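Take a look at the structure below.
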2 protein chains.
Amino acid sequence: MFFLKELPTEQMVKDYVAKTGVGSTDTISKALLMLREASHLIRLLDAYFSSHDLSQLKFLILVVIDREPEIDSLRQSEINQRLDVSKPVLNRTINSLLETKLLKRLDDEEDARAHRLALTKKGKNTLKQIMPGYFELISNFMEQQS
Amino acid sequence: MFFLKELPTEQMVKDYVAKTGVGSTDTISKALLMLREASHLIRLLDAYFSSHDLSQLKFLILVVIDREPEIDSLRQSEINQRLDVSKPVLNRTINSLLETKLLKRLDDEEDARAHRLALTKKGKNTLKQIMPGYFELISNFMEQQS
DNA sequence: TCCATTTAGTTATCATGATAACCAAATGGA
DNA sequence: TCCATTTGGTTATCATGATAACTAAATGGA
């Protein structure tokens with residue numbers, strides 16, 4: 001998350017770059033702009049997910065299971081290969097999705113330590129219901145920029 | 001923070017857009033790319049700050065006080081006008097900066113409820129020491145993209 | 001002037017990210 | 001086959017974001 005409400009002016013960046021002797025003003029300004037734009041979008045997305053009792057991470061867990069081409073379930077470790085988040089956080093978040101019945105847990109035939117995680121009907125419905133608003137939010141946001 | 005390790009392929013976005021009837025494939029893909037690029041940069045920045053016993057927010061608090069043109073101190077509420085973060089988080093983080101002696105607290109002559117927050121010598125030194133690496137990190141990152 | 005409202009800061013509590021350290025099952029080389 | 005290592009998952013603890021609700025001082029209109 002990036003927090004500066006007012007980005008440093010071109011002049012300030014130029015001064016800092018001159019003072020430290022590092023980088024180019026253009027590159028730095030572009031990066032700061034990008035950070036702020038992304039933070040803004042992330043805030044909007046978080047608010048959107050939260051209004052549906054979800055979070056960014058919960059949404060993505062549902063998505064990666066849903067988008068799997070051949071099978072309809074994944075192990076925790078397989079989800080972890082697809083999402084850049086720590087094991088304990090993933091574990092906790094999956095438990096929360098199990099509690100709210102968006103996911104269900106199946107035994108893993110091949111490994112007694114593991115379970116397979118699949119979307120419930122409720123999970124599929126939730127995803128279907130949320131997706132349009134998600135795309136719409138992103139589209140609207142990108143339009144307003146530029 | 002954005003977590004997808006592999007972005008959805010162009011085709012997948014196209015399918016989702018077609019299924020939901022919302023947005024344009026290009027715009028969505030561009031937004032997802034931007035989110036991932038920003039998340040990556042934020043991770044690098046967090047790691048950098050953390051290696052100097054700081055955080056993104058702590059750094060920015062020091063910066064907004066330091067970049068003030070006429071005065072060398074700000075109230076908590078004035079910092080809050082410049083940074084997009086909640087009051088309690090700002091309060092907690094300022095306390096941490098006071099404990100580590102990067103900030104000092106002065107009385108506010110005009111308002112008995114408020115205090116003025118100024119950089120200590122240690123705070124100024126830390127900032128001066130960190131700034132070059134900060135710009136360098138951003139420059140390097142932006143070069144690697146593109 | 002006096003009291004209702006606003007403002008500055010703080011506390012309590014929760015959500016969601018991380019790392020370290022652990023158990024138990026699976027694996028694989030001597 | 002047996003034990004060391006790897007792998008899947010979990011627990012404990014911490015960092016850092018949020019909101020709600022509070023105190024005390026400042027402010028401003030009747």
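Labels for the structure tokens follow display order: chains A, B, ..., residues from 1 in each chain, ligands from 1.
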
Long-range neighbours of Ile130 (chain B) as a PDB file with N, CA, C and O atoms, in the first residue's frame, 12 Å cut-off, only C-alpha atoms (C1' of nucleotides), 2 positions minimum in chain:
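Generated file (part20.pdb):
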ATOM      1  N   TYR A  16      15.782  15.530  -5.037  1.00  0.00           N
ATOM      2  CA  TYR A  16      16.240  14.339  -4.339  1.00  0.00           C
ATOM      3  C   TYR A  16      17.220  13.555  -5.197  1.00  0.00           C
ATOM      4  O   TYR A  16      18.257  13.092  -4.727  1.00  0.00           O
ATOM      5  N   THR A  20      20.986  12.811  -4.118  1.00  0.00           N
ATOM      6  CA  THR A  20      21.501  11.464  -3.896  1.00  0.00           C
ATOM      7  C   THR A  20      22.342  10.973  -5.073  1.00  0.00           C
ATOM      8  O   THR A  20      23.063   9.987  -4.939  1.00  0.00           O
ATOM      9  N   VAL A  22      21.325   9.514  -7.725  1.00  0.00           N
ATOM     10  CA  VAL A  22      20.868   8.198  -8.166  1.00  0.00           C
ATOM     11  C   VAL A  22      19.575   8.311  -8.957  1.00  0.00           C
ATOM     12  O   VAL A  22      18.699   9.091  -8.615  1.00  0.00           O
TER      13      VAL A  22
ATOM     14  N   LEU B  45      10.265  -2.829  -1.900  1.00  0.00           N
ATOM     15  CA  LEU B  45      10.416  -1.660  -1.026  1.00  0.00           C
ATOM     16  C   LEU B  45      10.269  -2.056   0.441  1.00  0.00           C
ATOM     17  O   LEU B  45      11.059  -1.641   1.289  1.00  0.00           O
ATOM     18  N   TYR B  48      13.315  -3.671   1.598  1.00  0.00           N
ATOM     19  CA  TYR B  48      14.383  -2.674   1.771  1.00  0.00           C
ATOM     20  C   TYR B  48      14.203  -1.903   3.079  1.00  0.00           C
ATOM     21  O   TYR B  48      15.138  -1.779   3.873  1.00  0.00           O
ATOM     22  N   PHE B  49      13.004  -1.400   3.299  1.00  0.00           N
ATOM     23  CA  PHE B  49      12.756  -0.643   4.533  1.00  0.00           C
ATOM     24  C   PHE B  49      12.985  -1.518   5.748  1.00  0.00           C
ATOM     25  O   PHE B  49      13.595  -1.094   6.729  1.00  0.00           O
ATOM     26  N   SER B  50      12.474  -2.731   5.674  1.00  0.00           N
ATOM     27  CA  SER B  50      12.597  -3.647   6.793  1.00  0.00           C
ATOM     28  C   SER B  50      14.058  -3.926   7.135  1.00  0.00           C
ATOM     29  O   SER B  50      14.425  -4.054   8.307  1.00  0.00           O
ATOM     30  N   SER B  51      14.914  -3.974   6.116  1.00  0.00           N
ATOM     31  CA  SER B  51      16.341  -4.205   6.366  1.00  0.00           C
ATOM     32  C   SER B  51      16.982  -3.005   7.064  1.00  0.00           C
ATOM     33  O   SER B  51      18.103  -3.084   7.552  1.00  0.00           O
ATOM     34  N   HIS B  52      16.267  -1.890   7.104  1.00  0.00           N
ATOM     35  CA  HIS B  52      16.756  -0.720   7.847  1.00  0.00           C
ATOM     36  C   HIS B  52      15.877  -0.448   9.064  1.00  0.00           C
ATOM     37  O   HIS B  52      15.826   0.688   9.543  1.00  0.00           O
ATOM     38  N   ASP B  53      15.189  -1.488   9.549  1.00  0.00           N
ATOM     39  CA  ASP B  53      14.287  -1.347  10.704  1.00  0.00           C
ATOM     40  C   ASP B  53      13.230  -0.287  10.506  1.00  0.00           C
ATOM     41  O   ASP B  53      12.861   0.432  11.455  1.00  0.00           O
ATOM     42  N   LEU B  54      12.762  -0.161   9.264  1.00  0.00           N
ATOM     43  CA  LEU B  54      11.692   0.794   8.986  1.00  0.00           C
ATOM     44  C   LEU B  54      10.564   0.074   8.252  1.00  0.00           C
ATOM     45  O   LEU B  54      10.643  -1.113   7.994  1.00  0.00           O
ATOM     46  N   SER B  55       9.513   0.817   7.955  1.00  0.00           N
ATOM     47  CA  SER B  55       8.440   0.319   7.107  1.00  0.00           C
ATOM     48  C   SER B  55       8.128   1.437   6.121  1.00  0.00           C
ATOM     49  O   SER B  55       8.564   2.576   6.301  1.00  0.00           O
ATOM     50  N   GLN B  56       7.364   1.082   5.115  1.00  0.00           N
ATOM     51  CA  GLN B  56       6.911   2.084   4.145  1.00  0.00           C
ATOM     52  C   GLN B  56       6.324   3.309   4.857  1.00  0.00           C
ATOM     53  O   GLN B  56       6.677   4.454   4.563  1.00  0.00           O
ATOM     54  N   PHE B  59       8.872   5.383   6.878  1.00  0.00           N
ATOM     55  CA  PHE B  59       9.658   6.159   5.925  1.00  0.00           C
ATOM     56  C   PHE B  59       8.899   7.394   5.465  1.00  0.00           C
ATOM     57  O   PHE B  59       9.436   8.516   5.480  1.00  0.00           O
ATOM     58  N   LEU B  60       7.631   7.218   5.095  1.00  0.00           N
ATOM     59  CA  LEU B  60       6.871   8.336   4.553  1.00  0.00           C
ATOM     60  C   LEU B  60       6.600   9.402   5.607  1.00  0.00           C
ATOM     61  O   LEU B  60       6.559  10.600   5.299  1.00  0.00           O
ATOM     62  N   LEU B  62       8.654  10.206   8.003  1.00  0.00           N
ATOM     63  CA  LEU B  62       9.904  10.983   8.043  1.00  0.00           C
ATOM     64  C   LEU B  62       9.989  11.921   6.834  1.00  0.00           C
ATOM     65  O   LEU B  62      10.344  13.097   6.963  1.00  0.00           O
ATOM     66  N   VAL B  63       9.608  11.399   5.662  1.00  0.00           N
ATOM     67  CA  VAL B  63       9.713  12.194   4.435  1.00  0.00           C
ATOM     68  C   VAL B  63       8.819  13.427   4.479  1.00  0.00           C
ATOM     69  O   VAL B  63       9.259  14.531   4.151  1.00  0.00           O
ATOM     70  N   GLY B 123      17.051  10.806  13.166  1.00  0.00           N
ATOM     71  CA  GLY B 123      16.039  10.669  12.126  1.00  0.00           C
ATOM     72  C   GLY B 123      16.533  11.235  10.806  1.00  0.00           C
ATOM     73  O   GLY B 123      16.348  10.627   9.742  1.00  0.00           O
ATOM     74  N   LYS B 124      17.148  12.409  10.882  1.00  0.00           N
ATOM     75  CA  LYS B 124      17.668  13.031   9.653  1.00  0.00           C
ATOM     76  C   LYS B 124      18.746  12.169   9.025  1.00  0.00           C
ATOM     77  O   LYS B 124      18.778  11.985   7.809  1.00  0.00           O
ATOM     78  N   ASN B 125      19.633  11.657   9.863  1.00  0.00           N
ATOM     79  CA  ASN B 125      20.709  10.796   9.348  1.00  0.00           C
ATOM     80  C   ASN B 125      20.154   9.546   8.682  1.00  0.00           C
ATOM     81  O   ASN B 125      20.595   9.168   7.592  1.00  0.00           O
ATOM     82  N   THR B 126      19.210   8.917   9.365  1.00  0.00           N
ATOM     83  CA  THR B 126      18.604   7.702   8.802  1.00  0.00           C
ATOM     84  C   THR B 126      18.029   7.981   7.423  1.00  0.00           C
ATOM     85  O   THR B 126      18.256   7.232   6.475  1.00  0.00           O
ATOM     86  N   LEU B 127      17.278   9.064   7.335  1.00  0.00           N
ATOM     87  CA  LEU B 127      16.652   9.416   6.063  1.00  0.00           C
ATOM     88  C   LEU B 127      17.702   9.622   4.981  1.00  0.00           C
ATOM     89  O   LEU B 127      17.582   9.113   3.857  1.00  0.00           O
ATOM     90  N   LYS B 128      18.746  10.363   5.337  1.00  0.00           N
ATOM     91  CA  LYS B 128      19.797  10.658   4.369  1.00  0.00           C
ATOM     92  C   LYS B 128      20.480   9.381   3.896  1.00  0.00           C
ATOM     93  O   LYS B 128      20.833   9.231   2.727  1.00  0.00           O
ATOM     94  N   PRO B 132      19.279   7.211  -1.018  1.00  0.00           N
ATOM     95  CA  PRO B 132      19.905   6.754  -2.266  1.00  0.00           C
ATOM     96  C   PRO B 132      19.474   5.333  -2.653  1.00  0.00           C
ATOM     97  O   PRO B 132      19.097   5.087  -3.804  1.00  0.00           O
ATOM     98  N   GLY B 133      19.489   4.418  -1.681  1.00  0.00           N
ATOM     99  CA  GLY B 133      19.089   3.048  -1.953  1.00  0.00           C
ATOM    100  C   GLY B 133      17.647   2.956  -2.417  1.00  0.00           C
ATOM    101  O   GLY B 133      17.296   2.114  -3.256  1.00  0.00           O
ATOM    102  N   TYR B 134      16.820   3.814  -1.865  1.00  0.00           N
ATOM    103  CA  TYR B 134      15.406   3.861  -2.241  1.00  0.00           C
ATOM    104  C   TYR B 134      15.253   4.199  -3.718  1.00  0.00           C
ATOM    105  O   TYR B 134      14.585   3.499  -4.483  1.00  0.00           O
ATOM    106  N   PHE B 135      15.919   5.254  -4.144  1.00  0.00           N
ATOM    107  CA  PHE B 135      15.847   5.653  -5.549  1.00  0.00           C
ATOM    108  C   PHE B 135      16.480   4.599  -6.451  1.00  0.00           C
ATOM    109  O   PHE B 135      15.974   4.311  -7.535  1.00  0.00           O
ATOM    110  N   GLU B 136      17.579   4.061  -5.975  1.00  0.00           N
ATOM    111  CA  GLU B 136      18.272   3.065  -6.780  1.00  0.00           C
ATOM    112  C   GLU B 136      17.379   1.846  -7.008  1.00  0.00           C
ATOM    113  O   GLU B 136      17.279   1.335  -8.124  1.00  0.00           O
ATOM    114  N   LEU B 137      16.745   1.412  -5.916  1.00  0.00           N
ATOM    115  CA  LEU B 137      15.859   0.257  -6.017  1.00  0.00           C
ATOM    116  C   LEU B 137      14.763   0.508  -7.046  1.00  0.00           C
ATOM    117  O   LEU B 137      14.493  -0.324  -7.922  1.00  0.00           O
TER     118      LEU B 137
END

Alpha helix (DSSP H) residues, from DSSP on the backbone, in region 74-134 of chain B, as a ChimeraX atom specification: /B:76-82,87-99,121-134

Could the residues in this selection be saved with N, CA and C atoms as a compact mmCIF listing (two decimals), in the first residue's frame?
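Saved file again-v3.txt follows:
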# COMPACT_ATOMS: atom_id res chain seq x y z
N GLN B 76 0.39 15.53 14.34
CA GLN B 76 -0.13 14.26 13.85
C GLN B 76 -1.23 14.49 12.82
N SER B 77 -2.10 15.42 13.12
CA SER B 77 -3.23 15.66 12.20
C SER B 77 -2.75 16.20 10.86
N GLU B 78 -1.67 16.98 10.88
CA GLU B 78 -1.14 17.50 9.61
C GLU B 78 -0.49 16.39 8.80
N ILE B 79 0.18 15.48 9.50
CA ILE B 79 0.75 14.32 8.80
C ILE B 79 -0.38 13.52 8.18
N ASN B 80 -1.48 13.42 8.93
CA ASN B 80 -2.64 12.66 8.44
C ASN B 80 -3.26 13.28 7.20
N GLN B 81 -3.12 14.60 7.07
CA GLN B 81 -3.63 15.24 5.85
C GLN B 81 -2.77 14.89 4.64
N ARG B 82 -1.54 14.51 4.89
CA ARG B 82 -0.62 14.22 3.79
C ARG B 82 -0.50 12.74 3.46
N LYS B 87 -6.12 7.25 11.48
CA LYS B 87 -5.58 7.94 12.66
C LYS B 87 -4.89 6.97 13.63
N PRO B 88 -5.54 5.86 14.01
CA PRO B 88 -4.89 4.99 15.00
C PRO B 88 -3.59 4.39 14.50
N VAL B 89 -3.55 4.02 13.23
CA VAL B 89 -2.31 3.45 12.70
C VAL B 89 -1.21 4.50 12.69
N LEU B 90 -1.58 5.71 12.31
CA LEU B 90 -0.59 6.78 12.31
C LEU B 90 -0.08 7.02 13.73
N ASN B 91 -0.99 7.06 14.66
CA ASN B 91 -0.63 7.29 16.07
C ASN B 91 0.34 6.22 16.57
N ARG B 92 0.00 4.98 16.31
CA ARG B 92 0.84 3.87 16.76
C ARG B 92 2.23 3.95 16.14
N THR B 93 2.25 4.27 14.84
CA THR B 93 3.53 4.28 14.13
C THR B 93 4.40 5.45 14.58
N ILE B 94 3.78 6.57 14.85
CA ILE B 94 4.52 7.71 15.39
C ILE B 94 5.11 7.35 16.75
N ASN B 95 4.33 6.69 17.58
CA ASN B 95 4.85 6.27 18.88
C ASN B 95 6.08 5.38 18.74
N SER B 96 6.02 4.50 17.75
CA SER B 96 7.17 3.63 17.52
C SER B 96 8.39 4.44 17.08
N LEU B 97 8.17 5.46 16.26
CA LEU B 97 9.28 6.32 15.82
C LEU B 97 9.81 7.17 16.97
N LEU B 98 8.93 7.50 17.92
CA LEU B 98 9.38 8.23 19.11
C LEU B 98 10.25 7.32 19.98
N GLU B 99 9.82 6.07 20.11
CA GLU B 99 10.56 5.13 20.94
C GLU B 99 11.96 4.86 20.39
N LYS B 121 18.17 14.30 15.14
CA LYS B 121 19.39 14.17 14.33
C LYS B 121 19.48 12.75 13.78
N LYS B 122 19.21 11.79 14.64
CA LYS B 122 19.21 10.39 14.19
C LYS B 122 18.22 10.17 13.06
N GLY B 123 17.05 10.81 13.17
CA GLY B 123 16.04 10.67 12.13
C GLY B 123 16.53 11.24 10.81
N LYS B 124 17.15 12.41 10.88
CA LYS B 124 17.67 13.03 9.65
C LYS B 124 18.75 12.17 9.02
N ASN B 125 19.63 11.66 9.86
CA ASN B 125 20.71 10.80 9.35
C ASN B 125 20.15 9.55 8.68
N THR B 126 19.21 8.92 9.36
CA THR B 126 18.60 7.70 8.80
C THR B 126 18.03 7.98 7.42
N LEU B 127 17.28 9.06 7.33
CA LEU B 127 16.65 9.42 6.06
C LEU B 127 17.70 9.62 4.98
N LYS B 128 18.75 10.36 5.34
CA LYS B 128 19.80 10.66 4.37
C LYS B 128 20.48 9.38 3.90
N GLN B 129 20.60 8.45 4.85
CA GLN B 129 21.29 7.20 4.54
C GLN B 129 20.45 6.28 3.67
N ILE B 130 19.14 6.36 3.84
CA ILE B 130 18.24 5.44 3.16
C ILE B 130 17.86 5.89 1.76
N MET B 131 17.80 7.19 1.57
CA MET B 131 17.26 7.76 0.33
C MET B 131 17.93 7.24 -0.94
N PRO B 132 19.28 7.21 -1.02
CA PRO B 132 19.90 6.75 -2.27
C PRO B 132 19.47 5.33 -2.65
N GLY B 133 19.49 4.42 -1.68
CA GLY B 133 19.09 3.05 -1.95
C GLY B 133 17.65 2.96 -2.42
N TYR B 134 16.82 3.81 -1.86
CA TYR B 134 15.41 3.86 -2.24
C TYR B 134 15.25 4.20 -3.72

Proximal residues of chain D relative to chain A (only C-alpha atoms (C1' of nucleotides); 9 Å) as JSON, numbers by chain: {"D": [8, 9, 10, 11]}

Every residue of chain A that DSSP places in strand (DSSP E or B), as a VMD selection string: chain A and resid 4 73 to 74 83 103 to 107 115 to 119

How would the residues just chosen look if you wrote them out with N, CA and C atoms as a PDB file, in the first residue's frame?
ATOM      1  N   LEU A   4       1.114   8.240   0.098  1.00  0.00           N
ATOM      2  CA  LEU A   4       1.241   9.682  -0.142  1.00  0.00           C
ATOM      3  C   LEU A   4       0.014  10.228  -0.846  1.00  0.00           C
ATOM      4  N   SER A  73     -10.790 -29.607  -8.107  1.00  0.00           N
ATOM      5  CA  SER A  73     -10.294 -29.417  -6.740  1.00  0.00           C
ATOM      6  C   SER A  73      -8.777 -29.288  -6.761  1.00  0.00           C
ATOM      7  N   LEU A  74      -8.244 -28.653  -5.731  1.00  0.00           N
ATOM      8  CA  LEU A  74      -6.798 -28.487  -5.600  1.00  0.00           C
ATOM      9  C   LEU A  74      -6.404 -28.745  -4.160  1.00  0.00           C
ATOM     10  N   LEU A  83      -0.594 -18.949  -5.922  1.00  0.00           N
ATOM     11  CA  LEU A  83      -0.791 -17.654  -5.265  1.00  0.00           C
ATOM     12  C   LEU A  83       0.427 -17.296  -4.424  1.00  0.00           C
ATOM     13  N   LEU A 103     -16.057 -23.307   0.330  1.00  0.00           N
ATOM     14  CA  LEU A 103     -15.221 -24.431  -0.087  1.00  0.00           C
ATOM     15  C   LEU A 103     -15.663 -25.674   0.669  1.00  0.00           C
ATOM     16  N   LYS A 104     -15.370 -26.821   0.089  1.00  0.00           N
ATOM     17  CA  LYS A 104     -15.519 -28.074   0.838  1.00  0.00           C
ATOM     18  C   LYS A 104     -14.228 -28.868   0.730  1.00  0.00           C
ATOM     19  N   ARG A 105     -14.045 -29.751   1.720  1.00  0.00           N
ATOM     20  CA  ARG A 105     -12.810 -30.491   1.858  1.00  0.00           C
ATOM     21  C   ARG A 105     -13.056 -31.945   1.531  1.00  0.00           C
ATOM     22  N   LEU A 106     -12.253 -32.494   0.608  1.00  0.00           N
ATOM     23  CA  LEU A 106     -12.384 -33.901   0.266  1.00  0.00           C
ATOM     24  C   LEU A 106     -11.104 -34.619   0.660  1.00  0.00           C
ATOM     25  N   ASP A 107     -11.215 -35.909   0.922  1.00  0.00           N
ATOM     26  CA  ASP A 107      -9.996 -36.665   1.214  1.00  0.00           C
ATOM     27  C   ASP A 107      -9.130 -36.748  -0.034  1.00  0.00           C
ATOM     28  N   HIS A 115      -5.543 -32.820   1.775  1.00  0.00           N
ATOM     29  CA  HIS A 115      -6.961 -32.805   1.425  1.00  0.00           C
ATOM     30  C   HIS A 115      -7.110 -32.128   0.076  1.00  0.00           C
ATOM     31  N   ARG A 116      -8.229 -32.362  -0.557  1.00  0.00           N
ATOM     32  CA  ARG A 116      -8.525 -31.653  -1.784  1.00  0.00           C
ATOM     33  C   ARG A 116      -9.595 -30.612  -1.484  1.00  0.00           C
ATOM     34  N   LEU A 117      -9.440 -29.434  -2.054  1.00  0.00           N
ATOM     35  CA  LEU A 117     -10.368 -28.343  -1.788  1.00  0.00           C
ATOM     36  C   LEU A 117     -11.152 -28.031  -3.052  1.00  0.00           C
ATOM     37  N   ALA A 118     -12.461 -28.034  -2.918  1.00  0.00           N
ATOM     38  CA  ALA A 118     -13.332 -27.806  -4.071  1.00  0.00           C
ATOM     39  C   ALA A 118     -14.355 -26.726  -3.746  1.00  0.00           C
ATOM     40  N   LEU A 119     -14.835 -26.054  -4.783  1.00  0.00           N
ATOM     41  CA  LEU A 119     -15.905 -25.073  -4.593  1.00  0.00           C
ATOM     42  C   LEU A 119     -17.206 -25.806  -4.271  1.00  0.00           C
TER      43      LEU A 119
END

Using only C-alpha atoms (C1' of nucleotides) for the distances, tell me which of C:DA15, C:DA25, C:DA8, C:DA30 is nearest to chain A. C:DA25

Find the residues around DA4 (chain D) up to 12 Å (only C-alpha atoms (C1' of nucleotides) counted), leave out those fewer than 6 positions away in its own chain, and share them as a list in words.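 Everything that qualifies: DT27, DG28, DG29 and DA30 of chain C.
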
For all heavy atoms, I'd like the residues from the last selection saved as a short mmCIF file (atom, residue, chain, number, x, y, z; two decimals), in the first residue's frame.
data_model
loop_
_atom_site.label_atom_id
_atom_site.label_comp_id
_atom_site.auth_asym_id
_atom_site.auth_seq_id
_atom_site.Cartn_x
_atom_site.Cartn_y
_atom_site.Cartn_z
P DT C 27 5.08 -40.73 -1.82
OP1 DT C 27 4.76 -40.01 -3.07
OP2 DT C 27 4.69 -42.15 -1.62
"O5'" DT C 27 6.64 -40.60 -1.58
"C5'" DT C 27 7.20 -39.28 -1.51
"C4'" DT C 27 8.70 -39.39 -1.44
"O4'" DT C 27 9.11 -39.68 -0.08
"C3'" DT C 27 9.30 -40.49 -2.33
"O3'" DT C 27 10.40 -39.92 -3.01
"C2'" DT C 27 9.72 -41.57 -1.32
"C1'" DT C 27 10.07 -40.70 -0.11
N1 DT C 27 10.00 -41.32 1.25
C2 DT C 27 11.00 -41.04 2.15
O2 DT C 27 11.95 -40.32 1.88
N3 DT C 27 10.86 -41.61 3.38
C4 DT C 27 9.83 -42.44 3.80
O4 DT C 27 9.82 -42.90 4.94
C5 DT C 27 8.82 -42.72 2.81
C7 DT C 27 7.66 -43.61 3.17
C6 DT C 27 8.95 -42.15 1.58
P DG C 28 11.11 -40.65 -4.23
OP1 DG C 28 10.58 -40.08 -5.48
OP2 DG C 28 11.04 -42.11 -3.98
"O5'" DG C 28 12.62 -40.16 -4.07
"C5'" DG C 28 13.11 -39.67 -2.80
"C4'" DG C 28 14.40 -40.38 -2.41
"O4'" DG C 28 14.21 -41.02 -1.13
"C3'" DG C 28 14.85 -41.50 -3.35
"O3'" DG C 28 16.28 -41.61 -3.22
"C2'" DG C 28 14.20 -42.72 -2.75
"C1'" DG C 28 14.44 -42.41 -1.27
N9 DG C 28 13.57 -43.10 -0.33
C8 DG C 28 12.37 -43.73 -0.56
N7 DG C 28 11.85 -44.27 0.52
C5 DG C 28 12.78 -43.99 1.52
C6 DG C 28 12.76 -44.32 2.90
O6 DG C 28 11.91 -44.93 3.53
N1 DG C 28 13.89 -43.85 3.54
C2 DG C 28 14.91 -43.13 2.95
N2 DG C 28 15.92 -42.76 3.74
N3 DG C 28 14.94 -42.81 1.67
C4 DG C 28 13.84 -43.27 1.01
P DG C 29 17.19 -41.75 -4.50
OP1 DG C 29 17.20 -40.43 -5.17
OP2 DG C 29 16.76 -42.97 -5.22
"O5'" DG C 29 18.64 -42.01 -3.88
"C5'" DG C 29 19.19 -41.08 -2.92
"C4'" DG C 29 19.86 -41.83 -1.79
"O4'" DG C 29 18.87 -42.50 -0.96
"C3'" DG C 29 20.86 -42.92 -2.22
"O3'" DG C 29 21.97 -42.87 -1.34
"C2'" DG C 29 20.05 -44.21 -2.05
"C1'" DG C 29 19.21 -43.88 -0.84
N9 DG C 29 17.95 -44.61 -0.70
C8 DG C 29 17.03 -44.88 -1.69
N7 DG C 29 15.99 -45.55 -1.26
C5 DG C 29 16.23 -45.73 0.10
C6 DG C 29 15.45 -46.37 1.09
O6 DG C 29 14.35 -46.93 0.98
N1 DG C 29 16.07 -46.33 2.34
C2 DG C 29 17.28 -45.72 2.60
N2 DG C 29 17.71 -45.79 3.85
N3 DG C 29 18.03 -45.12 1.68
C4 DG C 29 17.43 -45.15 0.46
P DA C 30 23.25 -43.67 -1.59
OP1 DA C 30 24.37 -42.70 -1.60
OP2 DA C 30 23.01 -44.56 -2.77
"O5'" DA C 30 23.40 -44.59 -0.29
"C5'" DA C 30 23.73 -43.96 0.97
"C4'" DA C 30 23.73 -45.00 2.06
"O4'" DA C 30 22.40 -45.60 2.15
"C3'" DA C 30 24.70 -46.17 1.84
"O3'" DA C 30 25.38 -46.46 3.06
"C2'" DA C 30 23.81 -47.34 1.41
"C1'" DA C 30 22.47 -47.00 2.03
N9 DA C 30 21.31 -47.40 1.21
C8 DA C 30 21.16 -47.21 -0.13
N7 DA C 30 20.02 -47.65 -0.62
C5 DA C 30 19.37 -48.16 0.49
C6 DA C 30 18.12 -48.77 0.67
N6 DA C 30 17.25 -48.98 -0.33
N1 DA C 30 17.77 -49.16 1.91
C2 DA C 30 18.64 -48.96 2.90
N3 DA C 30 19.85 -48.40 2.88
C4 DA C 30 20.15 -48.02 1.62
#

When the cut-off is 9 Å and we count only C-alpha atoms (C1' of nucleotides), which residues of chain C are near chain B, given as number ranges by chain? C: 8-11

Writer output for current selection, C-alpha atoms (C1' of nucleotides), as a short mmCIF file (atom, residue, chain, number, x, y, z; two decimals), in the first residue's frame:
data_model
loop_
_atom_site.label_atom_id
_atom_site.label_comp_id
_atom_site.auth_asym_id
_atom_site.auth_seq_id
_atom_site.Cartn_x
_atom_site.Cartn_y
_atom_site.Cartn_z
"C1'" DA C 8 -6.71 16.23 18.23
"C1'" DG C 9 -5.36 12.32 19.91
"C1'" DT C 10 -5.93 7.74 22.04
"C1'" DT C 11 -7.67 2.95 23.27
#

What is the distance between CA of Gln11 (chain A) and CA of Ile42 (chain A), in Å to one decimal?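 Answer for the CA of Gln11 (chain A) to CA of Ile42 (chain A) separation: 28.1 Å.
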
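Take CA of Ser29 (chain B) and CA of Leu44 (chain A): the distance between them is 17.3 Å.
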
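Rounded to one decimal, C1' of DA12 (chain C) and C1' of DA21 (chain D) lie 8.7 Å from each other.
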
Please determine, counting only C-alpha atoms, which residue among B:Leu57, B:Ser24, B:His40, B:Thr100 has the shortest atom-to-atom distance to Asp84 (chain A).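 Closest to Asp84 (chain A) of all the choices is B:His40.
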
Skip DG29 (chain D) itself and residues of its chain fewer than 5 positions away, then list as a list in words all residues within 12 Å of it, counting only C-alpha atoms (C1' of nucleotides). DT1, DC2, DC3, DA4 and DT5 of chain C
